[in-house]
Amino acid sequence: MWAPVLSFVGSSAWRALPPLPRTNRRILNLPPLVLAVAERRSDLPSLPRNKNGMNGKCPQSTKTAGASIRPPAYPWTGHQLLAALRAQLAEEEHTDSMSFDRLAEIAGTSKSTTHHRFALSDQPQVVNLLCWLERLSPARRHAYVDAHCRVFPSLEHPLLAHAAAQTSRLRELLDQQRGLTLVTGGTAYSRAFVVTALGHSYWRLGGRHRAAAGIDLHLCSSLVPVESLIYLDGKADSHLVRQLALKVWPRILTSSAGLLIFHGLWSAVPELRADIARCTWHKHVILAEGATADLTDLERRVSTPVHVLTLSVTSRVPGAIRVACRRLKNMPKGPKTRGLGTKAVQDIGHFSPGPEKGNTFDTTDAPN
């Protein structure tokens with residue numbers, strides 16, 4: 001029945017006809033096949049379809065309206081946004097330029113992936129995110145970003161920088177070539193904050209960009225971790241934790257890092273205590289444990305400088321951390337002391353830094 005119609009549609013006479021009004025198409029009740037052919041003609045704009053797939057009203061052509069009616073595009077590309085962020089990171093780390101290796105370390109990705117994201121891809125999803133964020137009020141926007149960005153611990157953070165003498169002393173400790181620094185007291189969060197701050201600050205100290213190594217069994221999800229450390233879940237089965245620590249231990253011993261950080265390892269994996277003590281002979285070791293940690297073995301083995309950082313709260317800044325630093329003092333053997341080569345400490349059974357007795361400790365406390 002429709003063969004003559006289809007033949008006419010393909011003829012030159014059909015192409016010579018003026019465009020068929022949209023209203024006439026519906027009045028003529030053309031079959032779908034003919035209507036599809038009519039819609040494919042270059043001089044007839046196709047009918048838009050609504051969300052149900054039905055033909056709807058055709059909006060005014062954008063060609064006649066002009067481009068000025070459309071809202072302006074976002075003024076920066078994703079590549080430009082990432083380039084600006086890269087420059088800000090370089091200033092934060094006191095370097096001329098952030099290498100792709102360093103960017104990959106921070107993000108936990110490969111160098112090739114990082115290079116593609118910064119140098120090749122235009123990252124339209126970054127532009128989309130900024131377009132959505134700019135619709136929020138300033139208070140909501142900052143609250144959203146703060147809620148989804150972890151805390152970056154450093155010696156410049158207000159929780160530690162409330163006392164200039166305190167941060168100055170901590171920087172001096174980070175510059176130490178060998179020896180032991182014990183971090184004890186406070187809460188689990190404050191210990192994790194101080195240990196992580198020391199790890200991050202060691203990288204930036206003096207612009208030398210040195211990475212620390214070590215094992216941390218107390219990862220805090222609200223803190224930005226030190227990317228060069230190995231994090232294990234200390235809440236897992238103790239046998240599993242011990243197996244994992246022993247498996248990665250050769251990487252720690254062969255590391256060229258000058259600073260080793262062990263958080264919770266002394267009490268969780270006792271078989272590594274001898275190796276940890278030996279590391280203090282040629283490297284600076286930071287050991288973080290709870291206030292009641294039994295460190296008798298370490299007292300007997302360590303003959304290098306030993307500092308004790310005792311954490312507590314301070315009333316000066318809400319939530320701030322007070323760090324009291326004590327250095328063990330050389331002294332001759334006495335009836336109440338146990339020799340450590342050229343050192344001696346009080347025979348207290350375990351290394352739990354409490355109030356000094358007599359002149360046993362050389363105390364350098366930061367102000368409250």
# chains A, B, ... in the order shown; residues from 1 in each chain; ligands from 1
call {"tool": "select_by_dssp", "arguments": {"residues": "segment 221-337 of chain A", "states": "alpha helix (DSSP H)", "output": "count of residues only"}}
result
33
call {"tool": "select_by_dssp", "arguments": {"residues": "segment 218-326 of chain A", "states": "strand (DSSP E)", "output": "CSV table (one decimal) with C-alpha atoms, in the first residue's frame"}}
result
chain,number,residue,atom,x,y,z
A,230,ILE,CA,53.8,1.0,56.4
A,231,TYR,CA,50.4,0.9,58.2
A,259,LEU,CA,64.4,8.4,60.6
A,260,LEU,CA,62.5,5.2,61.6
A,261,ILE,CA,59.1,5.5,63.2
A,262,PHE,CA,57.5,2.6,65.1
A,263,HIS,CA,54.1,3.2,66.6
A,284,HIS,CA,67.2,8.1,64.8
A,285,VAL,CA,64.3,5.9,66.0
A,286,ILE,CA,61.0,7.3,67.2
A,287,LEU,CA,59.1,4.8,69.3
A,288,ALA,CA,55.5,5.5,70.4
A,306,VAL,CA,67.5,9.1,74.6
A,307,HIS,CA,64.7,11.7,74.7
A,308,VAL,CA,61.3,11.2,76.2
A,309,LEU,CA,58.3,13.1,74.9
A,310,THR,CA,55.4,13.0,77.4
A,311,LEU,CA,52.1,14.2,76.0
A,312,SER,CA,49.3,15.9,77.9
A,313,VAL,CA,46.5,18.4,77.4
A,321,ILE,CA,48.7,19.0,72.9
A,322,ARG,CA,51.4,19.8,75.4
A,323,VAL,CA,54.7,18.0,74.7
A,324,ALA,CA,57.2,17.8,77.7
A,325,CYS,CA,60.7,16.8,76.4
A,326,ARG,CA,63.2,15.2,78.7
call {"tool": "residues_around", "arguments": {"residues": "His115 of chain A", "least_positions_apart": "6", "cutoff": "10 Å", "atoms": "only C-alpha atoms", "output": "PyMOL selection string"}}
result
chain A and resi 99-101+103-104+121
call {"tool": "atom_distance", "arguments": {"atom1": "atom CA of Ser256 of chain A", "atom2": "atom CA of Val194 of chain A"}}
result
22.9 Å
call {"tool": "residues_around", "arguments": {"residues": "segment 200-216 of chain A", "least_positions_apart": "2", "cutoff": "7 Å", "atoms": "only C-alpha atoms", "output": "PDB file with C-alpha atoms, in the first residue's frame"}}
result
ATOM      1  CA  GLU A  93      56.539  21.892  50.474  1.00  0.00           C
ATOM      2  CA  HIS A  94      59.092  24.671  49.832  1.00  0.00           C
ATOM      3  CA  SER A 154      52.613  19.007  61.243  1.00  0.00           C
ATOM      4  CA  LEU A 155      54.667  21.030  63.670  1.00  0.00           C
ATOM      5  CA  LEU A 174      64.106  15.719  64.057  1.00  0.00           C
ATOM      6  CA  THR A 196      52.375  11.660  62.165  1.00  0.00           C
ATOM      7  CA  ALA A 197      53.362  15.310  62.544  1.00  0.00           C
ATOM      8  CA  LEU A 198      56.986  14.310  63.110  1.00  0.00           C
ATOM      9  CA  HIS A 218      47.543   2.754  64.942  1.00  0.00           C
ATOM     10  CA  LEU A 219      46.294   4.349  61.751  1.00  0.00           C
ATOM     11  CA  VAL A 226      52.816   9.570  56.222  1.00  0.00           C
ATOM     12  CA  SER A 228      56.395   6.441  53.306  1.00  0.00           C
ATOM     13  CA  LEU A 229      55.307   4.455  56.388  1.00  0.00           C
ATOM     14  CA  ILE A 230      53.750   0.985  56.393  1.00  0.00           C
ATOM     15  CA  TYR A 231      50.405   0.911  58.176  1.00  0.00           C
ATOM     16  CA  LEU A 232      49.012  -2.259  59.707  1.00  0.00           C
ATOM     17  CA  ILE A 252      62.699  -1.436  57.090  1.00  0.00           C
ATOM     18  CA  ALA A 257      65.838   6.498  55.618  1.00  0.00           C
ATOM     19  CA  GLY A 258      67.566   8.335  58.442  1.00  0.00           C
ATOM     20  CA  LEU A 259      64.410   8.395  60.583  1.00  0.00           C
ATOM     21  CA  LEU A 260      62.538   5.247  61.627  1.00  0.00           C
ATOM     22  CA  ILE A 261      59.091   5.489  63.224  1.00  0.00           C
ATOM     23  CA  PHE A 262      57.539   2.580  65.108  1.00  0.00           C
ATOM     24  CA  HIS A 263      54.101   3.152  66.611  1.00  0.00           C
ATOM     25  CA  GLY A 264      52.903   0.303  68.787  1.00  0.00           C
TER      26      GLY A 264
END
call {"tool": "closest_residue", "arguments": {"among": "A:Leu180, A:Ala188, A:Ala268, A:Ala274", "to": "Leu328 of chain A", "atoms": "only C-alpha atoms"}}
result
A:Leu180
call {"tool": "atom_distance", "arguments": {"atom1": "atom CA of Ser222 of chain A", "atom2": "atom CA of Asp146 of chain A"}}
result
11.2 Å
call {"tool": "residues_around", "arguments": {"residues": "Gln80 of chain A", "least_positions_apart": "6", "cutoff": "12 Å", "atoms": "only C-alpha atoms", "output": "ChimeraX atom specification"}}
result
/A:74,86-87,117-124,126-127
call {"tool": "write_last_selection", "arguments": {"atoms": "C-alpha atoms", "output": "PDB file, in the first residue's frame"}}
result
ATOM      1  CA  TYR A  74      33.287  27.610  33.556  1.00  0.00           C
ATOM      2  CA  ARG A  86      50.269  21.647  41.785  1.00  0.00           C
ATOM      3  CA  ALA A  87      51.827  25.096  42.162  1.00  0.00           C
ATOM      4  CA  ARG A 117      45.844  13.245  35.056  1.00  0.00           C
ATOM      5  CA  PHE A 118      47.975  16.367  35.261  1.00  0.00           C
ATOM      6  CA  ALA A 119      49.428  16.645  31.759  1.00  0.00           C
ATOM      7  CA  LEU A 120      47.093  14.855  29.334  1.00  0.00           C
ATOM      8  CA  SER A 121      43.517  14.523  30.559  1.00  0.00           C
ATOM      9  CA  ASP A 122      41.312  17.604  30.834  1.00  0.00           C
ATOM     10  CA  GLN A 123      39.586  16.126  33.902  1.00  0.00           C
ATOM     11  CA  PRO A 124      36.003  17.316  33.215  1.00  0.00           C
ATOM     12  CA  VAL A 126      37.002  18.294  38.370  1.00  0.00           C
ATOM     13  CA  VAL A 127      35.206  21.121  36.550  1.00  0.00           C
TER      14      VAL A 127
END
call {"tool": "closest_residue", "arguments": {"among": "A:Gln176, A:Thr181, A:Thr95, A:Thr109", "to": "Val195 of chain A", "atoms": "only C-alpha atoms"}}
result
A:Thr181
